[in-house]
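Worksheet: one structure, shown below.
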Amino acid sequence: MLETLSLLGQGFAVAFSLENLGAALFGGILGLIVGAMPGIGSLAGCALLLPLTFHFNPTTAIIMLGSIYYANMFGGAFSAILINIPGDAPAIMTALDGFSMTKKGQPGKALFISNYSSFVGGFIGMVILVFLGPALASFGLNFGPSEMTVLMLVAMTSISWLVGENPIAGIIATCLGMMISTLGIDIVSGQIRYNFGSIWLLGGINFVPLVIGFIGMTQLFDLVIQDRKKEKISYVDVKIRFRDTLLTKEEYKRATRPSITAGLIGTFIGFLPGAGATAASFLCYAVEKKLSDGKTLVPLGEGAIEGLAASEAANNAAAAGAFGPLLALGIPGSGTTAVLLGGLMMWGLNPGPMLFSTNPDFAWGLIASLFISNILSLAISLGCIPWLQKIVRVPIGVMIPSILVICFIGSYSTSNSMFGVVVMIIGGFLGYIFNKCSLPVSPLLLAFVLSSTLETNLRRAFLTSNGDLTVFLSRPITDVFLIIFLIMILVPMIRAVYNKSKKNKNTEGV
């Protein structure tokens, strides 16, 4: 441990050089801006800004890109909380409670909680990265197709925790999300499926336009209808005071516990190749919904501090954890870290077990810079709150066209074609129908995100085992997750039977 702390200290000496500190600050500002712009996200942001680093030395360049990636997780919450349009996929769950708080007249407090939880979750992820990074990355390498399949089964089972009191509606939404995810070319076999003869569907449905449609455009339709009916829209007429953004001691407690829990779980998910911050955000929100069932002042999804904290802490922790497999094994844990890997190779560095021995200044300088980026992102975000929260006071006549422009730009930028815009519009109409029919949107989006990973790993597992089902029973990791999967299925059933029998006894006693 002392050796690790000594190496981290050397890393801070590298990160605190004037050039690297300036790169971290510049990257943090860019990351916040990129994160707040729907449709761009950390992947596109790092890819677009990669040429800016060509003339930097490798350490400075990767510190700037790492800051962009990390600060993007902070920025994604801004538009999700203020106008219900997630800046990036991990911020989808943030919008559920964040925007609900905005409608209740607490936009500044929602922003403060998201920034605080992002800082706590990210800090936990970085501490784990420092002391357990190489070991956890090696453990994550043990997750082959069979392990990832069972893990995705557990994650898919968590959808039931997001449904609430209407399981039939949740099942319908989940099935629709799984169906949408199968459109396009089969990744494993290369076969075309369910494209209905359209070349536009060969690549499947892009996630960002779908999210913008189901969330952003649906919100736009609601605004238009409210404006036509001349209904009072509370989150536009809010009187904003800076002191209202500060948290009470009780609110800090309510935000801290889920932030720590989500930080631990999110870091582990970040270490798994291909999982990413989006899956971490969904899963940790579902876990928090289960843990805090009936214990929160406000139900999750209706402006609960616990839900907002869990979502934001999870995606920041996963972002920090994704650097573990990247540096220790040379395996990107997400699309964005794949871009960073390409940059490392371009600069002549080979990530892997030898990186910490051959280039310790680079490896530990990058890790130390994440701590600096965490603090800088928090400071910049908190400093922006007084100006950001004024967005909700924009007149409704200006708000509607502004949201429309953001939706169109975000959807078009992901595909560079009008097909993304068409997907967004269709998603908006479907989302509006979902709201009118009381169908939950979260299970659909979660199923869409996880289904492709589940299907791909399931088929790869069968290919490697020649269709032998025992591939899911022959490894310790799969056995553990299967037990968890069975518990998650059986416990609600047993509880339902017990409650029913208890209710019958009480009826007979009366």
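Lettering and numbering for the structure tokens are positional, with chains as A, B, ... in the shown order, residues counted from 1 in each chain, and ligands counted from 1 in the shown order.
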Shell of 8 Å around region 478-484 of chain A, only C-alpha atoms, local chain residues under 5 positions omitted, as an MDAnalysis selection string: chainID A and resid 146:147 150:151 154 472:473
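DSSP, applied to the backbone of this structure, assigns alpha helix (DSSP H) to the following residues of region 408-440 of chain A: Phe408, Ile409, Gly410, Ser411, Tyr412, Ser413, Thr414, Ser415, Met418, Phe419, Gly420, Val421, Val422, Val423, Met424, Ile425, Ile426, Gly427, Gly428, Phe429, Leu430, Gly431, Tyr432, Ile433, Phe434, Asn435 and Lys436 of chain A.
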Spatial neighbours of Leu246 (chain A), max dist 9 Å, only C-alpha atoms, sep filter under 6 positions, as a ChimeraX atom specification: /A:108-109,112-113
Selection from above, all heavy atoms, as an mmCIF file, in the first residue's frame, can you write it?
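Okay, this is what ended up in part02.cif:
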```cif
data_model
loop_
_atom_site.group_PDB
_atom_site.id
_atom_site.type_symbol
_atom_site.label_atom_id
_atom_site.label_comp_id
_atom_site.auth_asym_id
_atom_site.auth_seq_id
_atom_site.Cartn_x
_atom_site.Cartn_y
_atom_site.Cartn_z
ATOM 1 N N GLY A 108 -32.141 24.035 -8.927
ATOM 2 C CA GLY A 108 -30.811 24.236 -8.376
ATOM 3 C C GLY A 108 -30.413 23.136 -7.416
ATOM 4 O O GLY A 108 -29.281 22.661 -7.426
ATOM 5 N N LYS A 109 -31.369 22.711 -6.596
ATOM 6 C CA LYS A 109 -31.081 21.633 -5.641
ATOM 7 C C LYS A 109 -30.809 20.327 -6.375
ATOM 8 O O LYS A 109 -29.923 19.553 -5.981
ATOM 9 C CB LYS A 109 -32.255 21.473 -4.676
ATOM 10 C CG LYS A 109 -32.028 20.448 -3.585
ATOM 11 C CD LYS A 109 -32.973 20.651 -2.410
ATOM 12 C CE LYS A 109 -32.653 21.910 -1.640
ATOM 13 N NZ LYS A 109 -33.413 22.016 -0.378
ATOM 14 N N PHE A 112 -27.334 20.529 -7.697
ATOM 15 C CA PHE A 112 -26.377 20.394 -6.602
ATOM 16 C C PHE A 112 -26.223 18.930 -6.204
ATOM 17 O O PHE A 112 -25.102 18.443 -6.009
ATOM 18 C CB PHE A 112 -26.831 21.226 -5.400
ATOM 19 C CG PHE A 112 -25.773 21.432 -4.358
ATOM 20 C CD1 PHE A 112 -25.061 22.608 -4.293
ATOM 21 C CD2 PHE A 112 -25.473 20.433 -3.431
ATOM 22 C CE1 PHE A 112 -24.064 22.796 -3.339
ATOM 23 C CE2 PHE A 112 -24.492 20.600 -2.477
ATOM 24 C CZ PHE A 112 -23.781 21.795 -2.429
ATOM 25 N N ILE A 113 -27.332 18.223 -6.083
ATOM 26 C CA ILE A 113 -27.289 16.807 -5.703
ATOM 27 C C ILE A 113 -26.562 15.990 -6.763
ATOM 28 O O ILE A 113 -25.752 15.104 -6.440
ATOM 29 C CB ILE A 113 -28.712 16.268 -5.489
ATOM 30 C CG1 ILE A 113 -29.346 16.901 -4.266
ATOM 31 C CG2 ILE A 113 -28.709 14.742 -5.336
ATOM 32 C CD1 ILE A 113 -30.830 16.642 -4.126
#
```
Of the listed residues A:Asn316, A:Thr182, A:Lys295, A:Ala309, that which approaches Gly76 (chain A) most closely, counting only C-alpha atoms: A:Asn316
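Nearest residue to Tyr69 (chain A), choosing from A:Ser189, A:Asn195, A:Ser369, A:Thr337 and counting only C-alpha atoms: A:Thr337.
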